[in-house]
Amino acid sequence: VQLQASGGGLVQAGDSLRLSCTASGRTFSRYHMGWFRLTPGKEREFVTAISSGGRVYYRPSVKGRFTISRDNAKNTLYLEMNSLEPEDTAVYYCALAEPRSDWRGYYYTVGAYDYWGQGTLVTVSS
């Protein structure tokens, strides 16, 4: 499986960005997907996830500002980010999880995912 993330960039606080993650090599619709982010000095942290059935989960600090979605026909995962804050500055990674039935119990952990994209940098200036 290969995951290709794109859409990062430099924006100002309050702006919006949409990240995309295209998957190849698998039947995309079967898999759970997630977005994580990494900032210097911190561990990779959960941002949002979407199950194969479309159930969504969000980190509290992004709920209401970020929206995760998927287009199974295009094998693509999206992250719409609105009202961006300097604290959102990070490298964002998309991730794919095998369709394990217990994924919902630990979707917010790095270990729940089997494949990772290369990351795309989002920088939000104040």
# chains A, B, ... in the order shown; residues from 1 in each chain; ligands from 1
>>> residues_around(residues="Gly34 in chain A", least_positions_apart="3", cutoff="7 Å", atoms="only C-alpha atoms", output="list in words")
Thr48, Ala49, Ile50, Cys94, Ala95 and Leu96 of chain A
>>> write_last_selection(atoms="N, CA, C and O atoms", output="PDB file, in the first residue's frame")
ATOM      1  N   THR A  48      -7.813  13.057  13.563  1.00  0.00           N
ATOM      2  CA  THR A  48      -9.161  12.630  13.203  1.00  0.00           C
ATOM      3  C   THR A  48      -9.088  11.291  12.497  1.00  0.00           C
ATOM      4  O   THR A  48      -8.033  10.915  11.982  1.00  0.00           O
ATOM      5  N   ALA A  49     -10.203  10.584  12.480  1.00  0.00           N
ATOM      6  CA  ALA A  49     -10.255   9.293  11.809  1.00  0.00           C
ATOM      7  C   ALA A  49     -11.645   9.056  11.242  1.00  0.00           C
ATOM      8  O   ALA A  49     -12.628   9.655  11.698  1.00  0.00           O
ATOM      9  N   ILE A  50     -11.692   8.176  10.264  1.00  0.00           N
ATOM     10  CA  ILE A  50     -12.966   7.789   9.672  1.00  0.00           C
ATOM     11  C   ILE A  50     -12.941   6.289   9.434  1.00  0.00           C
ATOM     12  O   ILE A  50     -11.979   5.743   8.894  1.00  0.00           O
ATOM     13  N   CYS A  94      -1.270  10.968   6.811  1.00  0.00           N
ATOM     14  CA  CYS A  94      -2.441  10.111   6.687  1.00  0.00           C
ATOM     15  C   CYS A  94      -2.015   8.667   6.968  1.00  0.00           C
ATOM     16  O   CYS A  94      -0.841   8.310   6.799  1.00  0.00           O
ATOM     17  N   ALA A  95      -2.966   7.882   7.412  1.00  0.00           N
ATOM     18  CA  ALA A  95      -2.665   6.511   7.799  1.00  0.00           C
ATOM     19  C   ALA A  95      -3.833   5.603   7.462  1.00  0.00           C
ATOM     20  O   ALA A  95      -4.989   6.035   7.471  1.00  0.00           O
ATOM     21  N   LEU A  96      -3.495   4.358   7.185  1.00  0.00           N
ATOM     22  CA  LEU A  96      -4.506   3.367   6.807  1.00  0.00           C
ATOM     23  C   LEU A  96      -4.442   2.201   7.782  1.00  0.00           C
ATOM     24  O   LEU A  96      -3.351   1.725   8.131  1.00  0.00           O
TER      25      LEU A  96
END
>>> select_by_dssp(residues="range 3-118 of chain A", states="helix (DSSP H, G or I)", output="VMD selection string")
chain A and resid 28 to 30 72 to 74 86 to 88 103 to 105 110 to 112
>>> residues_around(residues="range 71-82 of chain A", least_positions_apart="4", cutoff="8 Å", atoms="only C-alpha atoms", output="PyMOL selection string")
chain A and resi 14-24+27-29+33+35+65-67
>>> closest_residue(among="A:Asp114, A:Tyr106, A:Arg70, A:Tyr31", to="Ser52 in chain A", atoms="only C-alpha atoms")
A:Tyr31
>>> atom_distance(atom1="CA of Val124 in chain A", atom2="CA of Arg44 in chain A")
18.0 Å
>>> atom_distance(atom1="CA of Ser125 in chain A", atom2="CA of Val56 in chain A")
28.1 Å
>>> residues_around(residues="Ala90 in chain A", least_positions_apart="6", cutoff="9 Å", atoms="only C-alpha atoms", output="ChimeraX atom specification")
/A:37-40,120-124
>>> select_by_dssp(residues="range 4-124 of chain A", states="strand (DSSP E)", output="MDAnalysis selection string")
chainID A and resid 4:6 9:12 17:24 32:38 45:50 56:58 66:71 76:81 90:97 115:116 120:124
>>> write_last_selection(atoms="C-alpha atoms", output="PDB file, in the first residue's frame")
ATOM      1  CA  GLN A   4       0.465  10.004  -0.937  1.00  0.00           C
ATOM      2  CA  ALA A   5      -0.468  13.085   1.053  1.00  0.00           C
ATOM      3  CA  SER A   6      -0.643  16.570  -0.391  1.00  0.00           C
ATOM      4  CA  GLY A   9       1.323  24.964   2.804  1.00  0.00           C
ATOM      5  CA  LEU A  10       1.839  28.260   4.567  1.00  0.00           C
ATOM      6  CA  VAL A  11      -1.306  30.108   5.591  1.00  0.00           C
ATOM      7  CA  GLN A  12      -2.362  32.775   8.046  1.00  0.00           C
ATOM      8  CA  LEU A  17      -6.590  24.314   3.777  1.00  0.00           C
ATOM      9  CA  ARG A  18      -7.636  20.971   2.388  1.00  0.00           C
ATOM     10  CA  LEU A  19      -5.304  18.032   2.621  1.00  0.00           C
ATOM     11  CA  SER A  20      -5.664  14.991   0.395  1.00  0.00           C
ATOM     12  CA  CYS A  21      -4.312  11.477   0.719  1.00  0.00           C
ATOM     13  CA  THR A  22      -4.490   9.074  -2.180  1.00  0.00           C
ATOM     14  CA  ALA A  23      -4.090   5.362  -1.589  1.00  0.00           C
ATOM     15  CA  SER A  24      -2.934   2.796  -4.104  1.00  0.00           C
ATOM     16  CA  HIS A  32     -10.231   2.659   8.231  1.00  0.00           C
ATOM     17  CA  MET A  33      -8.288   5.890   7.731  1.00  0.00           C
ATOM     18  CA  GLY A  34      -6.823   8.548   9.957  1.00  0.00           C
ATOM     19  CA  TRP A  35      -4.863  11.782  10.118  1.00  0.00           C
ATOM     20  CA  PHE A  36      -2.118  12.402  12.660  1.00  0.00           C
ATOM     21  CA  ARG A  37       0.262  15.308  13.091  1.00  0.00           C
ATOM     22  CA  LEU A  38       3.747  15.809  14.399  1.00  0.00           C
ATOM     23  CA  GLU A  45      -0.772  12.916  17.830  1.00  0.00           C
ATOM     24  CA  PHE A  46      -4.168  11.862  16.635  1.00  0.00           C
ATOM     25  CA  VAL A  47      -6.197  14.444  14.717  1.00  0.00           C
ATOM     26  CA  THR A  48      -9.161  12.630  13.203  1.00  0.00           C
ATOM     27  CA  ALA A  49     -10.255   9.293  11.809  1.00  0.00           C
ATOM     28  CA  ILE A  50     -12.966   7.789   9.672  1.00  0.00           C
ATOM     29  CA  VAL A  56     -15.851   9.913  12.243  1.00  0.00           C
ATOM     30  CA  TYR A  57     -13.791  10.767  15.284  1.00  0.00           C
ATOM     31  CA  TYR A  58     -12.021  14.022  16.144  1.00  0.00           C
ATOM     32  CA  PHE A  66     -11.709  20.189  10.800  1.00  0.00           C
ATOM     33  CA  THR A  67     -13.713  17.749   8.700  1.00  0.00           C
ATOM     34  CA  ILE A  68     -12.530  14.353   7.558  1.00  0.00           C
ATOM     35  CA  SER A  69     -14.107  12.689   4.557  1.00  0.00           C
ATOM     36  CA  ARG A  70     -13.368   9.999   2.026  1.00  0.00           C
ATOM     37  CA  ASP A  71     -14.160   9.380  -1.621  1.00  0.00           C
ATOM     38  CA  THR A  76      -8.834   9.466  -1.561  1.00  0.00           C
ATOM     39  CA  LEU A  77      -9.038  10.719   1.986  1.00  0.00           C
ATOM     40  CA  TYR A  78      -9.547  14.410   2.726  1.00  0.00           C
ATOM     41  CA  LEU A  79      -9.011  16.729   5.654  1.00  0.00           C
ATOM     42  CA  GLU A  80     -10.740  20.077   5.406  1.00  0.00           C
ATOM     43  CA  MET A  81      -9.184  22.474   7.909  1.00  0.00           C
ATOM     44  CA  ALA A  90       2.668  20.459  12.080  1.00  0.00           C
ATOM     45  CA  VAL A  91       3.524  17.798   9.580  1.00  0.00           C
ATOM     46  CA  TYR A  92       0.275  15.969   8.854  1.00  0.00           C
ATOM     47  CA  TYR A  93       0.301  12.256   8.089  1.00  0.00           C
ATOM     48  CA  CYS A  94      -2.441  10.111   6.687  1.00  0.00           C
ATOM     49  CA  ALA A  95      -2.665   6.511   7.799  1.00  0.00           C
ATOM     50  CA  LEU A  96      -4.506   3.367   6.807  1.00  0.00           C
ATOM     51  CA  ALA A  97      -5.704   0.623   9.133  1.00  0.00           C
ATOM     52  CA  TYR A 115       0.504   2.108   6.631  1.00  0.00           C
ATOM     53  CA  TRP A 116       1.566   5.744   6.657  1.00  0.00           C
ATOM     54  CA  THR A 120       2.683  17.188   4.355  1.00  0.00           C
ATOM     55  CA  LEU A 121       3.715  20.339   6.189  1.00  0.00           C
ATOM     56  CA  VAL A 122       1.106  22.823   7.357  1.00  0.00           C
ATOM     57  CA  THR A 123       2.400  26.112   8.702  1.00  0.00           C
ATOM     58  CA  VAL A 124      -0.010  28.629  10.221  1.00  0.00           C
TER      59      VAL A 124
END
>>> residues_around(residues="Gly25 in chain A", least_positions_apart="6", cutoff="10 Å", atoms="only C-alpha atoms", output="list in words")
Val1, Gln2, Leu3 and Asn75 of chain A
>>> write_last_selection(atoms="C-alpha atoms", output="short mmCIF file (atom, residue, chain, number, x, y, z; two decimals), in the first residue's frame")
data_model
loop_
_atom_site.label_atom_id
_atom_site.label_comp_id
_atom_site.auth_asym_id
_atom_site.auth_seq_id
_atom_site.Cartn_x
_atom_site.Cartn_y
_atom_site.Cartn_z
CA VAL A 1 0.00 0.00 0.00
CA GLN A 2 1.22 3.49 -0.80
CA LEU A 3 -0.27 6.64 0.64
CA ASN A 75 -9.31 6.14 -3.29
#
